[in-house]
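J.: Sending over final-v1.txt (compact mmCIF, C-alpha atoms and all ligand atoms).
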# COMPACT_ATOMS: atom_id res chain seq x y z
CA ASP I 1 -21.44 -19.93 5.44
CA TYR I 2 -20.55 -16.39 6.42
CA SER I 3 -24.12 -15.17 6.67
CA HIS I 4 -24.03 -15.44 10.48
CA ARG I 5 -21.38 -12.75 10.45
CA ARG I 6 -23.65 -10.61 8.27
CA GLY I 7 -22.92 -6.97 8.90
CA ASN I 8 -24.65 -4.88 6.34
CA ARG I 9 -23.51 -6.62 3.19
CA TRP I 10 -24.58 -7.48 -0.37
CA LYS I 11 -26.48 -10.77 -0.51
CA LYS I 12 -24.96 -11.71 -3.89
CA ASN I 13 -21.46 -12.04 -5.28
CA ILE I 14 -22.04 -10.39 -8.68
CA ILE I 15 -22.41 -6.67 -8.15
CA THR I 16 -23.09 -4.20 -10.98
CA TYR I 17 -21.70 -0.67 -11.18
CA GLY I 18 -22.27 2.34 -13.38
CA VAL I 19 -20.74 5.79 -13.78
CA GLY I 20 -22.95 8.85 -14.14
CA ARG I 21 -21.48 12.36 -14.18
CA TYR I 22 -17.70 12.46 -14.68
CA THR I 23 -15.03 14.92 -13.56
CA SER I 24 -13.44 17.31 -16.06
CA ASP I 25 -10.05 16.73 -14.36
CA LEU I 26 -9.39 13.42 -16.14
CA PRO I 27 -10.29 11.77 -19.47
CA VAL I 28 -13.38 9.53 -19.31
CA ASN I 29 -11.38 6.39 -20.12
CA THR I 30 -8.91 7.19 -17.32
CA VAL I 31 -11.74 7.56 -14.82
CA ASP I 32 -13.28 4.28 -16.05
CA ALA I 33 -9.92 2.50 -15.72
CA LEU I 34 -9.23 3.81 -12.20
CA ILE I 35 -12.75 2.88 -11.02
CA ALA I 36 -12.41 -0.61 -12.52
CA SER I 37 -8.97 -1.05 -10.88
CA ALA I 38 -10.24 0.05 -7.46
CA LEU I 39 -13.09 -2.47 -7.70
CA ASP I 40 -10.65 -5.13 -8.93
CA ALA I 41 -8.54 -4.67 -5.79
CA TRP I 42 -11.57 -5.78 -3.73
CA ALA I 43 -12.52 -8.50 -6.22
CA LYS I 44 -9.03 -10.03 -5.89
CA ALA I 45 -9.45 -10.25 -2.12
CA SER I 46 -13.01 -11.67 -2.03
CA PRO I 47 -15.53 -13.87 -3.88
CA LEU I 48 -17.04 -10.71 -5.40
CA THR I 49 -17.27 -9.95 -9.12
CA PHE I 50 -18.04 -6.47 -10.47
CA GLN I 51 -19.84 -5.95 -13.78
CA ARG I 52 -20.14 -2.63 -15.59
CA SER I 53 -23.78 -1.67 -16.23
CA TYR I 54 -24.95 1.14 -18.51
CA SER I 55 -28.42 1.29 -16.98
CA HIS I 56 -29.17 3.49 -14.00
CA GLN I 57 -30.21 0.37 -12.12
CA ALA I 58 -26.64 -0.57 -11.19
CA ASP I 59 -26.05 -1.63 -7.59
CA ILE I 60 -23.17 0.85 -7.23
CA MET I 61 -23.74 4.16 -9.05
CA VAL I 62 -20.61 6.33 -9.16
CA GLU I 63 -20.97 10.11 -9.71
CA PHE I 64 -18.84 13.26 -9.49
CA VAL I 65 -21.08 15.88 -7.85
CA GLY I 66 -20.63 19.14 -5.93
CA ASN I 67 -22.10 20.90 -2.93
CA GLU I 68 -25.88 20.18 -2.67
CA HIS I 69 -26.56 17.20 -4.94
CA GLY I 70 -29.81 15.62 -3.80
CA ASP I 71 -28.89 13.62 -0.73
CA SER I 72 -28.56 14.87 2.84
CA PHE I 73 -24.76 15.09 2.60
CA PRO I 74 -23.80 18.17 0.55
CA PHE I 75 -20.12 18.47 -0.30
CA ASP I 76 -17.93 21.31 0.96
CA GLY I 77 -15.81 22.65 -1.91
CA PRO I 78 -12.09 21.97 -2.30
CA ASP I 79 -10.43 19.84 0.44
CA GLY I 80 -12.41 18.86 3.52
CA THR I 81 -14.53 15.85 2.63
CA LEU I 82 -13.39 14.24 -0.65
CA ALA I 83 -16.17 11.72 -1.23
CA HIS I 84 -18.79 9.58 0.48
CA ALA I 85 -20.51 6.25 -0.09
CA PHE I 86 -23.69 4.51 1.06
CA GLY I 87 -23.56 1.00 2.53
CA PRO I 88 -25.03 -2.02 0.72
CA GLY I 89 -28.75 -1.80 -0.10
CA GLU I 90 -31.39 -0.85 -2.66
CA GLY I 91 -31.59 2.53 -4.38
CA ILE I 92 -28.92 4.87 -3.11
CA GLY I 93 -27.39 1.93 -1.22
CA GLY I 94 -23.89 1.25 -2.54
CA ASP I 95 -23.69 4.55 -4.41
CA VAL I 96 -20.41 6.50 -4.36
CA HIS I 97 -20.20 10.30 -4.77
CA PHE I 98 -16.90 12.10 -5.41
CA ASP I 99 -16.67 15.83 -4.63
CA GLU I 100 -16.17 17.41 -8.05
CA ALA I 101 -14.50 20.43 -6.38
CA GLU I 102 -11.36 18.36 -5.73
CA ALA I 103 -8.38 18.16 -8.09
CA TRP I 104 -8.70 14.51 -9.11
CA THR I 105 -5.53 12.90 -10.45
CA ALA I 106 -4.14 9.54 -11.50
CA GLY I 107 -0.80 10.41 -9.87
CA PHE I 108 0.61 12.05 -6.74
CA LYS I 109 -0.66 15.64 -7.15
CA GLY I 110 -4.12 16.55 -5.90
CA PHE I 111 -6.13 13.55 -4.72
CA ASN I 112 -5.49 10.22 -6.36
CA LEU I 113 -8.82 8.91 -7.66
CA TYR I 114 -7.78 5.24 -7.42
CA VAL I 115 -6.87 5.54 -3.72
CA VAL I 116 -10.05 7.46 -2.82
CA ALA I 117 -12.21 5.10 -4.90
CA ALA I 118 -10.77 2.05 -3.12
CA HIS I 119 -11.74 3.61 0.22
CA GLU I 120 -15.25 4.49 -0.99
CA PHE I 121 -15.86 1.04 -2.47
CA GLY I 122 -14.85 -0.39 0.91
CA HIS I 123 -17.76 1.56 2.40
CA ALA I 124 -20.06 0.54 -0.49
CA LEU I 125 -19.30 -3.10 0.35
CA GLY I 126 -20.08 -2.60 4.05
CA LEU I 127 -16.71 -1.79 5.63
CA LYS I 128 -16.27 0.78 8.38
CA HIS I 129 -13.16 2.86 9.15
CA SER I 130 -9.95 1.42 10.52
CA GLN I 131 -7.65 3.22 12.97
CA ASN I 132 -4.64 1.60 11.30
CA PRO I 133 -2.94 4.19 9.03
CA GLU I 134 -1.84 1.31 6.76
CA SER I 135 -5.46 0.42 6.06
CA VAL I 136 -7.16 1.87 2.99
CA MET I 137 -10.14 2.40 5.35
CA TYR I 138 -8.24 4.92 7.50
CA PRO I 139 -10.51 7.99 7.88
CA THR I 140 -8.12 10.53 6.37
CA TYR I 141 -6.52 10.65 2.93
CA LYS I 142 -2.82 9.94 2.44
CA ASN I 143 -0.79 9.25 -0.66
CA ARG I 144 -0.45 5.49 -0.83
CA LYS I 145 1.54 3.17 -3.05
CA THR I 146 -1.06 1.90 -5.47
CA HIS I 147 0.54 -1.59 -5.82
CA ASN I 148 -1.10 -3.98 -3.30
CA LEU I 149 -3.13 -1.09 -1.93
CA LEU I 150 -5.27 -3.23 0.42
CA SER I 151 -3.63 -3.97 3.77
CA SER I 152 -3.86 -7.43 5.36
CA GLU I 153 -6.43 -5.92 7.74
CA ASP I 154 -8.56 -4.74 4.80
CA ILE I 155 -8.42 -8.23 3.28
CA MET I 156 -9.32 -9.85 6.62
CA ASN I 157 -12.28 -7.46 7.05
CA ILE I 158 -13.69 -8.08 3.54
CA ASN I 159 -13.30 -11.83 4.09
CA THR I 160 -15.20 -11.54 7.39
CA LEU I 161 -18.12 -10.06 5.46
CA TYR I 162 -18.04 -12.12 2.24
CA GLY I 163 -15.77 -15.11 2.88
CA PRO I 164 -12.42 -15.87 1.27
CA ARG I 165 -11.67 -15.54 -2.43
CA ASP I 166 -12.76 -18.72 -4.26
CA LYS I 167 -9.80 -20.80 -5.41
CA ARG I 168 -10.15 -19.80 -9.09
C1 LIG I 201 -10.40 8.99 3.46
C2 LIG I 201 -11.00 9.75 2.28
C3 LIG I 201 -10.61 9.08 0.99
C4 LIG I 201 -12.53 9.80 2.39
C5 LIG I 201 -13.02 10.57 3.61
C6 LIG I 201 -14.54 10.76 3.58
S1 LIG I 201 -15.52 9.33 3.93
C7 LIG I 201 -17.05 9.93 4.40
N1 LIG I 201 -15.69 8.53 2.73
N2 LIG I 201 -14.93 8.56 5.00
C8 LIG I 201 -12.44 11.98 3.63
O1 LIG I 201 -12.72 12.76 2.75
N3 LIG I 201 -11.72 12.31 4.73
C9 LIG I 201 -11.21 13.66 4.94
C10 LIG I 201 -11.11 13.93 6.42
C11 LIG I 201 -10.66 15.32 6.69
C12 LIG I 201 -9.36 15.71 6.89
N4 LIG I 201 -9.35 17.06 7.12
C13 LIG I 201 -10.63 17.56 7.05
C14 LIG I 201 -11.12 18.87 7.17
C15 LIG I 201 -12.50 19.08 7.04
C16 LIG I 201 -13.37 18.01 6.77
C17 LIG I 201 -12.87 16.69 6.63
C18 LIG I 201 -11.48 16.49 6.78
C19 LIG I 201 -8.12 17.80 7.36
C20 LIG I 201 -7.58 18.50 6.08
C21 LIG I 201 -7.33 17.56 4.88
C22 LIG I 201 -8.50 17.63 3.92
C23 LIG I 201 -8.33 16.79 2.67
C24 LIG I 201 -8.41 15.29 2.94
N5 LIG I 201 -9.68 14.93 3.54
C25 LIG I 201 -9.86 13.82 4.26
O2 LIG I 201 -8.97 12.99 4.43
CA CA I 202 -14.48 18.63 -0.52
ZN ZN I 203 -23.85 12.39 -2.02
ZN ZN I 204 -14.45 6.68 4.93
In structure tokens, how does this file's structure come out?
T.:
Amino acid sequence: DYSHRRGNRWKKNIITYGVGRYTSDLPVNTVDALIASALDAWAKASPLTFQRSYSHQADIMVEFVGNEHGDSFPFDGPDGTLAHAFGPGEGIGGDVHFDEAEAWTAGFKGFNLYVVAAHEFGHALGLKHSQNPESVMYPTYKNRKTHNLLSSEDIMNINTLYGPRDKR
């Protein structure tokens, strides 16, 4: 039972997610695929399952927004801060906001949405930053190989919060 190690974490293993406003940089189905893949990276390393929800009651609401957007963390235009996420909890808890001012890509130009999403979902699951540049939770963006994106440290940290992946 990993509850004694409870940081701030979801108290369930099935977590729903939805997507609100999209970016005009990428087709909708590409954004959906990259978001699903970034969540799947964490699902593969933990007992967690992510289910797409089309209601606005999803645990993790994902949105592309700019500048002032209704929380106390306005974005800053191109570059600078790329995105932010709220830790596990009700309402805005778990939500992920991407700065729509960035050039979002599925490749190596601009900022790779899959890489940034994996970082943000780490926060949405309760992870803090790592000082290890190999970790997806490193505080600054770098182009990363998208195959096996999570470092062993990332996997250890998610297992500390939620336990190991069930032997499926
Ligand atoms: C790790 C990300 C996916 C998420 C984090 C934000 S968060 C809340 N989710 N941890 C992020 O956006 N970090 C900035 C940090 C940063 C780097 N610089 C900055 C200049 C100004 C402001 C911020 C930064 C120097 C110039 C480069 C700017 C572009 C890249 N920006 C970053 O790497
Ligand atoms: Ca920005
Ligand atoms: Zn926000
Ligand atoms: Zn971060």
J.: Using all atoms listed in the file, which residues have at least one atom no more than 8 Å from ligand LIG 201 (chain I)? Output them as a list in words.
T.: Asp79, Gly80, Thr81, Leu82, Ala83, His84, Ala85, Val115, Val116, Ala117, His119, Glu120, His123, His129, Val136, Met137, Tyr138, Pro139, Thr140, Tyr141 and Lys142 of chain I
J.: Between CA of Gly110 (chain I) and CA of Gly93 (chain I), what is the distance in Å, rounded to a tenth?
T.: 27.9 Å
J.: I:Lys128, I:His69, I:His147, I:Lys109: which is nearest ligand ZN 203 (chain I), counting only C-alpha atoms and all ligand atoms?
T.: I:His69
J.: Residues at most 12 Å from ligand CA 202 (chain I), using all atoms listed in the file? Could they come as a compact mmCIF listing (two decimals) with C-alpha atoms, keeping the file's coordinate frame?
T.:
# COMPACT_ATOMS: atom_id res chain seq x y z
CA PHE I 64 -18.84 13.26 -9.49
CA VAL I 65 -21.08 15.88 -7.85
CA GLY I 66 -20.63 19.14 -5.93
CA ASN I 67 -22.10 20.90 -2.93
CA GLU I 68 -25.88 20.18 -2.67
CA PHE I 73 -24.76 15.09 2.60
CA PRO I 74 -23.80 18.17 0.55
CA PHE I 75 -20.12 18.47 -0.30
CA ASP I 76 -17.93 21.31 0.96
CA GLY I 77 -15.81 22.65 -1.91
CA PRO I 78 -12.09 21.97 -2.30
CA ASP I 79 -10.43 19.84 0.44
CA GLY I 80 -12.41 18.86 3.52
CA THR I 81 -14.53 15.85 2.63
CA LEU I 82 -13.39 14.24 -0.65
CA ALA I 83 -16.17 11.72 -1.23
CA HIS I 84 -18.79 9.58 0.48
CA HIS I 97 -20.20 10.30 -4.77
CA PHE I 98 -16.90 12.10 -5.41
CA ASP I 99 -16.67 15.83 -4.63
CA GLU I 100 -16.17 17.41 -8.05
CA ALA I 101 -14.50 20.43 -6.38
CA GLU I 102 -11.36 18.36 -5.73
CA ALA I 103 -8.38 18.16 -8.09
CA TRP I 104 -8.70 14.51 -9.11
CA GLY I 110 -4.12 16.55 -5.90
CA PHE I 111 -6.13 13.55 -4.72
CA TYR I 141 -6.52 10.65 2.93
J.: Can you tell me, as a PyMOL selection string, what residues are no more than 8 Å from region 14-17 of chain I when counting all atoms listed in the file, ignoring any on the same chain fewer than 5 positions away?
T.: chain I and resi 48-53+58-62
J.: Between CA of Ala45 (chain I) and CA of Thr30 (chain I), what is the spacing in Å?
T.: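 Between CA of Thr30 (chain I) and CA of Ala45 (chain I) the gap is 23.1 Å.
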J.: Between I:Ala118, I:Leu26, I:Leu113, I:Ala106, which residue has the minimum interatomic distance to Ala41 (chain I), considering all atoms listed in the file?
T.: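 Between I:Ala118, I:Leu26, I:Leu113, I:Ala106, the residue approaching Ala41 (chain I) most closely is I:Ala118.
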J.: Could you jot down the CA of Asn148 (chain I) to CA of Lys12 (chain I) separation for me, Å, one decimal place?
T.: 25.1 Å
J.: For each of I:Leu149, I:Gly87, I:Ser135, I:Lys11, take the minimum atom-to-atom distance to Leu39 (chain I), counting all atoms listed in the file, then give the residue where this is smallest.
T.: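 The closest residue to Leu39 (chain I) is I:Leu149.
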J.: Report as JSON, numbers by chain all protein, DNA and RNA residues lying within 9 Å of Glu153 (chain I), evaluated on all atoms listed in the file, omitting residues in the same chain fewer than 4 positions from it.
T.: {"I": [130, 132, 134, 135, 157, 158]}
J.: Please determine, counting all atoms listed in the file, which residue among I:Thr23, I:Gln131, I:Asp95, I:Asp40 has the shortest atom-to-atom distance to ligand ZN 203 (chain I).
T.: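 Using all atoms listed in the file, the shortest distance to ligand ZN 203 (chain I) belongs to I:Asp95.
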J.: So, counting all atoms listed in the file, which residue among I:Arg9, I:Thr146, I:Phe121, I:Gly91 is closest to ligand ZN 204 (chain I)?
T.: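 Of all the options, I:Phe121 lies closest to ligand ZN 204 (chain I).
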J.: Counting only C-alpha atoms and all ligand atoms, which of I:Asn8, I:Ala124, I:Gly70, I:Pro88 gets nearest to ligand ZN 204 (chain I)?
T.: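 Going through I:Asn8, I:Ala124, I:Gly70, I:Pro88 one by one, the smallest distance to ligand ZN 204 (chain I) is for I:Ala124.
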J.: Mind working out the centre and edge lengths of an axis-aligned box for region 87-100 of chain I, all listed atoms inside, 3 Å added to each side, rounded to one decimal in Å and written as AutoDock Vina command-line options?
T.:
--center_x -23.9 --center_y 7.7 --center_z -2.8 --size_x 21.4 --size_y 25.4 --size_z 16.6
J.: Can you give me N, CA and C atoms for region 130-150 of chain I, written as a PDB file, in the coordinates of the input?
T.:
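Saved file rebuild_5.pdb follows:
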ATOM      1  N   SER I 130     -10.969   2.081   9.720  1.00  0.00           N
ATOM      2  CA  SER I 130      -9.950   1.420  10.520  1.00  0.00           C
ATOM      3  C   SER I 130      -9.068   2.488  11.143  1.00  0.00           C
ATOM      4  N   GLN I 131      -8.560   2.259  12.344  1.00  0.00           N
ATOM      5  CA  GLN I 131      -7.650   3.220  12.970  1.00  0.00           C
ATOM      6  C   GLN I 131      -6.193   2.934  12.605  1.00  0.00           C
ATOM      7  N   ASN I 132      -5.998   1.955  11.721  1.00  0.00           N
ATOM      8  CA  ASN I 132      -4.640   1.600  11.300  1.00  0.00           C
ATOM      9  C   ASN I 132      -4.286   2.424  10.059  1.00  0.00           C
ATOM     10  N   PRO I 133      -3.276   3.312  10.171  1.00  0.00           N
ATOM     11  CA  PRO I 133      -2.940   4.190   9.030  1.00  0.00           C
ATOM     12  C   PRO I 133      -2.555   3.414   7.773  1.00  0.00           C
ATOM     13  N   GLU I 134      -2.202   2.125   7.933  1.00  0.00           N
ATOM     14  CA  GLU I 134      -1.840   1.310   6.760  1.00  0.00           C
ATOM     15  C   GLU I 134      -3.082   0.840   6.013  1.00  0.00           C
ATOM     16  N   SER I 135      -4.230   0.921   6.690  1.00  0.00           N
ATOM     17  CA  SER I 135      -5.460   0.420   6.060  1.00  0.00           C
ATOM     18  C   SER I 135      -6.013   1.446   5.072  1.00  0.00           C
ATOM     19  N   VAL I 136      -6.551   0.960   3.972  1.00  0.00           N
ATOM     20  CA  VAL I 136      -7.160   1.870   2.990  1.00  0.00           C
ATOM     21  C   VAL I 136      -8.427   2.484   3.589  1.00  0.00           C
ATOM     22  N   MET I 137      -8.931   1.896   4.672  1.00  0.00           N
ATOM     23  CA  MET I 137     -10.140   2.400   5.350  1.00  0.00           C
ATOM     24  C   MET I 137      -9.817   3.385   6.479  1.00  0.00           C
ATOM     25  N   TYR I 138      -8.594   3.862   6.535  1.00  0.00           N
ATOM     26  CA  TYR I 138      -8.240   4.920   7.500  1.00  0.00           C
ATOM     27  C   TYR I 138      -9.042   6.170   7.142  1.00  0.00           C
ATOM     28  N   PRO I 139      -9.542   6.919   8.163  1.00  0.00           N
ATOM     29  CA  PRO I 139     -10.510   7.990   7.880  1.00  0.00           C
ATOM     30  C   PRO I 139      -9.970   9.200   7.126  1.00  0.00           C
ATOM     31  N   THR I 140      -8.639   9.365   7.084  1.00  0.00           N
ATOM     32  CA  THR I 140      -8.120  10.530   6.370  1.00  0.00           C
ATOM     33  C   THR I 140      -7.220  10.094   5.218  1.00  0.00           C
ATOM     34  N   TYR I 141      -7.262  10.942   4.160  1.00  0.00           N
ATOM     35  CA  TYR I 141      -6.520  10.650   2.930  1.00  0.00           C
ATOM     36  C   TYR I 141      -5.023  10.726   3.161  1.00  0.00           C
ATOM     37  N   LYS I 142      -4.261   9.778   2.558  1.00  0.00           N
ATOM     38  CA  LYS I 142      -2.820   9.940   2.440  1.00  0.00           C
ATOM     39  C   LYS I 142      -2.388   9.314   1.134  1.00  0.00           C
ATOM     40  N   ASN I 143      -1.299   9.850   0.564  1.00  0.00           N
ATOM     41  CA  ASN I 143      -0.790   9.250  -0.660  1.00  0.00           C
ATOM     42  C   ASN I 143      -0.327   7.845  -0.340  1.00  0.00           C
ATOM     43  N   ARG I 144      -0.801   6.876  -1.091  1.00  0.00           N
ATOM     44  CA  ARG I 144      -0.450   5.490  -0.830  1.00  0.00           C
ATOM     45  C   ARG I 144       0.149   4.877  -2.091  1.00  0.00           C
ATOM     46  N   LYS I 145       1.047   3.892  -1.875  1.00  0.00           N
ATOM     47  CA  LYS I 145       1.540   3.170  -3.050  1.00  0.00           C
ATOM     48  C   LYS I 145       0.347   2.393  -3.603  1.00  0.00           C
ATOM     49  N   THR I 146       0.155   2.472  -4.899  1.00  0.00           N
ATOM     50  CA  THR I 146      -1.060   1.900  -5.470  1.00  0.00           C
ATOM     51  C   THR I 146      -0.913   0.383  -5.714  1.00  0.00           C
ATOM     52  N   HIS I 147       0.336  -0.131  -5.664  1.00  0.00           N
ATOM     53  CA  HIS I 147       0.540  -1.590  -5.820  1.00  0.00           C
ATOM     54  C   HIS I 147       0.178  -2.249  -4.503  1.00  0.00           C
ATOM     55  N   ASN I 148      -0.660  -3.313  -4.546  1.00  0.00           N
ATOM     56  CA  ASN I 148      -1.100  -3.980  -3.300  1.00  0.00           C
ATOM     57  C   ASN I 148      -1.640  -2.952  -2.302  1.00  0.00           C
ATOM     58  N   LEU I 149      -2.594  -2.184  -2.751  1.00  0.00           N
ATOM     59  CA  LEU I 149      -3.130  -1.090  -1.930  1.00  0.00           C
ATOM     60  C   LEU I 149      -3.823  -1.607  -0.666  1.00  0.00           C
ATOM     61  N   LEU I 150      -4.523  -2.735  -0.750  1.00  0.00           N
ATOM     62  CA  LEU I 150      -5.270  -3.230   0.420  1.00  0.00           C
ATOM     63  C   LEU I 150      -4.290  -3.813   1.440  1.00  0.00           C
TER      64      LEU I 150
END
